[in-house]
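Raw contents of query32.cif, mmCIF, N, CA and C atoms:
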```
data_structure
#
loop_
_atom_site.label_atom_id
_atom_site.label_comp_id
_atom_site.auth_asym_id
_atom_site.auth_seq_id
_atom_site.Cartn_x
_atom_site.Cartn_y
_atom_site.Cartn_z
N MET O 1109 0.84 -1.17 0.00
CA MET O 1109 0.00 0.00 0.00
C MET O 1109 0.88 1.23 0.00
N SER O 1110 0.38 2.17 -0.69
CA SER O 1110 1.16 3.40 -0.75
C SER O 1110 0.69 4.36 0.33
N ALA O 1111 1.55 5.29 0.64
CA ALA O 1111 1.25 6.26 1.69
C ALA O 1111 0.17 7.23 1.25
N GLU O 1112 0.01 7.43 -0.03
CA GLU O 1112 -1.00 8.35 -0.52
C GLU O 1112 -2.41 7.86 -0.22
N LYS O 1113 -2.62 6.59 -0.22
CA LYS O 1113 -3.95 6.04 0.04
C LYS O 1113 -4.29 6.12 1.51
N LEU O 1114 -3.30 6.07 2.40
CA LEU O 1114 -3.56 6.10 3.83
C LEU O 1114 -3.86 7.51 4.33
N ILE O 1115 -3.34 8.52 3.68
CA ILE O 1115 -3.58 9.89 4.11
C ILE O 1115 -4.93 10.32 3.60
N LYS O 1116 -5.78 10.67 4.52
CA LYS O 1116 -7.13 11.10 4.15
C LYS O 1116 -7.17 12.62 4.06
N THR O 1117 -7.41 13.11 2.92
CA THR O 1117 -7.55 14.55 2.73
C THR O 1117 -8.93 14.82 2.16
N PRO O 1118 -9.54 15.88 2.64
CA PRO O 1118 -10.85 16.18 2.09
C PRO O 1118 -10.71 16.71 0.66
N ASN O 1119 -11.51 16.18 -0.20
CA ASN O 1119 -11.51 16.61 -1.60
C ASN O 1119 -12.65 17.56 -1.86
N ASN O 1120 -13.12 18.20 -0.83
CA ASN O 1120 -14.23 19.14 -0.99
C ASN O 1120 -13.68 20.44 -1.56
N THR O 1121 -14.02 20.74 -2.75
CA THR O 1121 -13.62 22.00 -3.37
C THR O 1121 -14.78 22.97 -3.37
N GLU O 1122 -15.85 22.57 -2.72
CA GLU O 1122 -17.02 23.45 -2.65
C GLU O 1122 -16.77 24.57 -1.64
N THR O 1123 -17.31 25.71 -1.95
CA THR O 1123 -17.23 26.81 -0.99
C THR O 1123 -18.34 26.64 0.03
N PRO O 1124 -18.09 27.03 1.26
CA PRO O 1124 -19.15 26.87 2.26
C PRO O 1124 -20.34 27.77 1.93
N ARG O 1125 -21.50 27.23 2.16
CA ARG O 1125 -22.71 27.98 1.87
C ARG O 1125 -23.00 28.97 2.98
N VAL O 1126 -23.47 30.12 2.59
CA VAL O 1126 -23.83 31.15 3.56
C VAL O 1126 -25.31 31.01 3.83
N ILE O 1127 -25.62 30.88 5.09
CA ILE O 1127 -27.02 30.75 5.47
C ILE O 1127 -27.57 32.15 5.66
N GLU O 1128 -28.60 32.46 4.93
CA GLU O 1128 -29.20 33.78 5.02
C GLU O 1128 -30.18 33.81 6.19
N THR O 1129 -30.06 34.87 6.98
CA THR O 1129 -30.99 35.03 8.09
C THR O 1129 -32.23 35.74 7.57
N PRO O 1130 -33.38 35.36 8.06
CA PRO O 1130 -34.60 36.02 7.58
C PRO O 1130 -34.63 37.48 8.03
N ALA O 1131 -35.11 38.32 7.18
CA ALA O 1131 -35.21 39.74 7.50
C ALA O 1131 -36.34 39.96 8.50
N VAL O 1132 -36.05 40.78 9.49
CA VAL O 1132 -37.05 41.08 10.51
C VAL O 1132 -37.79 42.35 10.09
N ILE O 1133 -39.06 42.23 9.95
CA ILE O 1133 -39.87 43.37 9.55
C ILE O 1133 -40.72 43.76 10.75
N GLU O 1134 -40.54 45.00 11.18
CA GLU O 1134 -41.32 45.48 12.32
C GLU O 1134 -42.62 46.10 11.83
N ALA O 1135 -43.68 45.69 12.44
CA ALA O 1135 -44.97 46.26 12.10
C ALA O 1135 -45.13 47.57 12.86
N PRO O 1136 -45.75 48.56 12.26
CA PRO O 1136 -45.95 49.82 12.98
C PRO O 1136 -46.81 49.60 14.22
N ARG O 1137 -46.39 50.22 15.29
CA ARG O 1137 -47.12 50.07 16.55
C ARG O 1137 -48.21 51.12 16.63
N VAL O 1138 -49.34 50.68 17.05
CA VAL O 1138 -50.46 51.61 17.21
C VAL O 1138 -50.66 51.84 18.70
N ILE O 1139 -50.51 53.07 19.08
CA ILE O 1139 -50.68 53.42 20.49
C ILE O 1139 -52.01 54.16 20.62
N GLU O 1140 -52.85 53.57 21.39
CA GLU O 1140 -54.16 54.20 21.58
C GLU O 1140 -54.11 55.11 22.80
N THR O 1141 -54.56 56.29 22.62
CA THR O 1141 -54.62 57.22 23.73
C THR O 1141 -56.04 57.23 24.27
N PRO O 1142 -56.16 57.36 25.57
CA PRO O 1142 -57.51 57.40 26.12
C PRO O 1142 -58.23 58.67 25.67
N ARG O 1143 -59.43 58.49 25.31
CA ARG O 1143 -60.21 59.64 24.84
C ARG O 1143 -61.04 60.19 25.99
N VAL O 1144 -60.97 61.47 26.14
CA VAL O 1144 -61.70 62.13 27.21
C VAL O 1144 -62.83 62.93 26.57
N ILE O 1145 -64.00 62.65 27.01
CA ILE O 1145 -65.15 63.39 26.50
C ILE O 1145 -65.46 64.49 27.51
N GLU O 1146 -65.33 65.70 27.05
CA GLU O 1146 -65.57 66.83 27.94
C GLU O 1146 -66.99 67.34 27.74
N THR O 1147 -67.57 67.64 28.85
CA THR O 1147 -68.91 68.22 28.78
C THR O 1147 -68.76 69.73 28.65
N PRO O 1148 -69.60 70.36 27.90
CA PRO O 1148 -69.48 71.81 27.77
C PRO O 1148 -69.70 72.49 29.12
N LYS O 1149 -68.80 73.41 29.43
CA LYS O 1149 -68.89 74.11 30.70
C LYS O 1149 -69.40 75.52 30.45
N ILE O 1150 -70.12 75.99 31.41
CA ILE O 1150 -70.62 77.36 31.32
C ILE O 1150 -69.54 78.28 31.89
N VAL O 1151 -69.08 79.20 31.08
CA VAL O 1151 -68.02 80.10 31.49
C VAL O 1151 -68.67 81.36 32.05
N LYS O 1152 -68.35 81.63 33.30
CA LYS O 1152 -68.88 82.83 33.92
C LYS O 1152 -67.92 83.98 33.65
N ASN O 1153 -68.44 85.13 33.50
CA ASN O 1153 -67.61 86.30 33.26
C ASN O 1153 -67.08 86.77 34.61
N THR O 1154 -65.91 86.23 34.98
CA THR O 1154 -65.32 86.62 36.27
C THR O 1154 -64.25 87.65 36.02
N ARG O 1155 -64.05 88.50 36.97
CA ARG O 1155 -63.05 89.55 36.84
C ARG O 1155 -61.74 89.07 37.44
N VAL O 1156 -60.68 89.56 36.85
CA VAL O 1156 -59.35 89.19 37.31
C VAL O 1156 -58.78 90.37 38.08
N ASN O 1157 -58.24 90.05 39.24
CA ASN O 1157 -57.64 91.09 40.06
C ASN O 1157 -56.22 91.33 39.55
N VAL O 1158 -55.98 92.48 38.98
CA VAL O 1158 -54.70 92.81 38.37
C VAL O 1158 -53.60 92.91 39.42
N ASP O 1159 -53.94 93.37 40.61
CA ASP O 1159 -52.95 93.49 41.68
C ASP O 1159 -52.37 92.13 42.06
N VAL O 1160 -53.23 91.10 42.05
CA VAL O 1160 -52.76 89.75 42.38
C VAL O 1160 -51.78 89.27 41.31
N LEU O 1161 -52.08 89.53 40.05
CA LEU O 1161 -51.18 89.13 38.97
C LEU O 1161 -49.86 89.86 39.04
N LYS O 1162 -49.90 91.14 39.35
CA LYS O 1162 -48.67 91.91 39.49
C LYS O 1162 -47.82 91.37 40.64
N GLN O 1163 -48.47 90.99 41.73
CA GLN O 1163 -47.77 90.46 42.88
C GLN O 1163 -47.08 89.14 42.54
N ARG O 1164 -47.74 88.31 41.75
CA ARG O 1164 -47.14 87.05 41.34
C ARG O 1164 -45.90 87.29 40.48
N ILE O 1165 -45.97 88.25 39.58
CA ILE O 1165 -44.83 88.57 38.73
C ILE O 1165 -43.66 89.07 39.57
N ILE O 1166 -43.95 89.90 40.56
CA ILE O 1166 -42.90 90.42 41.44
C ILE O 1166 -42.25 89.28 42.22
N GLU O 1167 -43.05 88.33 42.71
CA GLU O 1167 -42.51 87.19 43.45
C GLU O 1167 -41.62 86.32 42.56
N GLN O 1168 -42.03 86.11 41.31
CA GLN O 1168 -41.22 85.31 40.38
C GLN O 1168 -39.89 85.99 40.11
N LYS O 1169 -39.91 87.31 39.95
CA LYS O 1169 -38.67 88.04 39.69
C LYS O 1169 -37.74 87.97 40.90
N LYS O 1170 -38.30 88.02 42.11
CA LYS O 1170 -37.48 87.91 43.31
C LYS O 1170 -36.81 86.54 43.38
N LYS O 1171 -37.56 85.49 43.06
CA LYS O 1171 -37.00 84.14 43.09
C LYS O 1171 -35.87 84.00 42.08
N GLU O 1172 -36.07 84.56 40.88
CA GLU O 1172 -35.03 84.48 39.86
C GLU O 1172 -33.78 85.24 40.29
N LYS O 1173 -33.98 86.39 40.95
CA LYS O 1173 -32.85 87.19 41.40
C LYS O 1173 -32.06 86.44 42.47
N VAL O 1174 -32.76 85.76 43.38
CA VAL O 1174 -32.09 85.00 44.42
C VAL O 1174 -31.31 83.85 43.80
N LYS O 1175 -31.88 83.19 42.80
CA LYS O 1175 -31.18 82.09 42.14
C LYS O 1175 -29.90 82.59 41.47
N ARG O 1176 -29.99 83.71 40.77
CA ARG O 1176 -28.81 84.27 40.11
C ARG O 1176 -27.75 84.66 41.13
N THR O 1177 -28.16 85.27 42.23
CA THR O 1177 -27.22 85.70 43.27
C THR O 1177 -26.50 84.50 43.88
N VAL O 1178 -27.25 83.45 44.18
CA VAL O 1178 -26.64 82.24 44.75
C VAL O 1178 -25.67 81.62 43.77
N PHE O 1179 -26.03 81.56 42.50
CA PHE O 1179 -25.17 80.97 41.48
C PHE O 1179 -23.85 81.74 41.37
N PHE O 1180 -23.93 83.06 41.21
CA PHE O 1180 -22.72 83.85 41.03
C PHE O 1180 -21.86 83.87 42.29
N SER O 1181 -22.49 83.88 43.45
CA SER O 1181 -21.69 83.86 44.68
C SER O 1181 -20.98 82.51 44.82
N THR O 1182 -21.63 81.43 44.42
CA THR O 1182 -21.00 80.11 44.46
C THR O 1182 -19.80 80.07 43.52
N VAL O 1183 -19.96 80.64 42.33
CA VAL O 1183 -18.85 80.67 41.37
C VAL O 1183 -17.69 81.48 41.93
N CYS O 1184 -17.98 82.63 42.51
CA CYS O 1184 -16.92 83.48 43.07
C CYS O 1184 -16.19 82.79 44.22
N VAL O 1185 -16.92 82.15 45.10
CA VAL O 1185 -16.32 81.48 46.24
C VAL O 1185 -15.46 80.31 45.76
N SER O 1186 -15.95 79.54 44.79
CA SER O 1186 -15.17 78.42 44.29
C SER O 1186 -13.90 78.88 43.59
N LEU O 1187 -13.96 79.99 42.86
CA LEU O 1187 -12.76 80.54 42.25
C LEU O 1187 -11.76 81.00 43.30
N GLY O 1188 -12.27 81.61 44.37
CA GLY O 1188 -11.39 82.03 45.46
C GLY O 1188 -10.70 80.86 46.13
N VAL O 1189 -11.45 79.80 46.36
CA VAL O 1189 -10.88 78.61 46.99
C VAL O 1189 -9.82 77.99 46.08
N LEU O 1190 -10.10 77.92 44.78
CA LEU O 1190 -9.13 77.37 43.85
C LEU O 1190 -7.86 78.22 43.79
N THR O 1191 -8.03 79.53 43.89
CA THR O 1191 -6.88 80.42 43.88
C THR O 1191 -6.02 80.20 45.13
N LEU O 1192 -6.66 80.06 46.28
CA LEU O 1192 -5.91 79.81 47.52
C LEU O 1192 -5.21 78.46 47.49
N LEU O 1193 -5.85 77.47 46.93
CA LEU O 1193 -5.24 76.13 46.90
C LEU O 1193 -4.08 76.08 45.91
N SER O 1194 -4.16 76.83 44.85
CA SER O 1194 -3.10 76.77 43.84
C SER O 1194 -1.88 77.60 44.25
N SER O 1195 -2.03 78.51 45.22
CA SER O 1195 -0.90 79.37 45.65
C SER O 1195 0.06 78.60 46.52
#
```

Would you mind giving the structure from this file in structure tokens?
Amino acid sequence: MSAEKLIKTPNNTETPRVIETPAVIEAPRVIETPRVIETPKIVKNTRVNVDVLKQRIIEQKKKEKVKRTVFFSTVCVSLGVLTLLSS
């Protein structure tokens, strides 16, 4: 017996087949929102107190001013601390 017959080599010259994966198709999702049926309301002609509205605006401005002051003072203090630490 010859040595060529004893050596087993694959004679497959075929290229391996690529298995195609199925494409996933997403269906559009339908989101239902709850429907609210409103009953018609009778609107009374009520007067608005302008002084109350002005007072609310003044309070909002005060709150914004306090926020700005706190922010800038925090920045200044942190810069001062960094300056002292770096010296």

For this session: Tell me, in Å to one decimal, how far CA of Lys1152 (chain O) is from CA of Ile1165 (chain O).
Result: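 Calculated distance between CA of Lys1152 (chain O) and CA of Ile1165 (chain O) is 25.2 Å.
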
For this session: Rounded to one decimal place, report the CA of Glu1172 (chain O)-CA of Val1160 (chain O) distance in Å.
Result: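 Taking CA of Glu1172 (chain O) and CA of Val1160 (chain O), their separation equals 18.7 Å.
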
Exercise. Just how far from atom C of Leu1190 (chain O) is atom C of Val1174 (chain O), in Å to one decimal?
Worked result: 24.1 Å
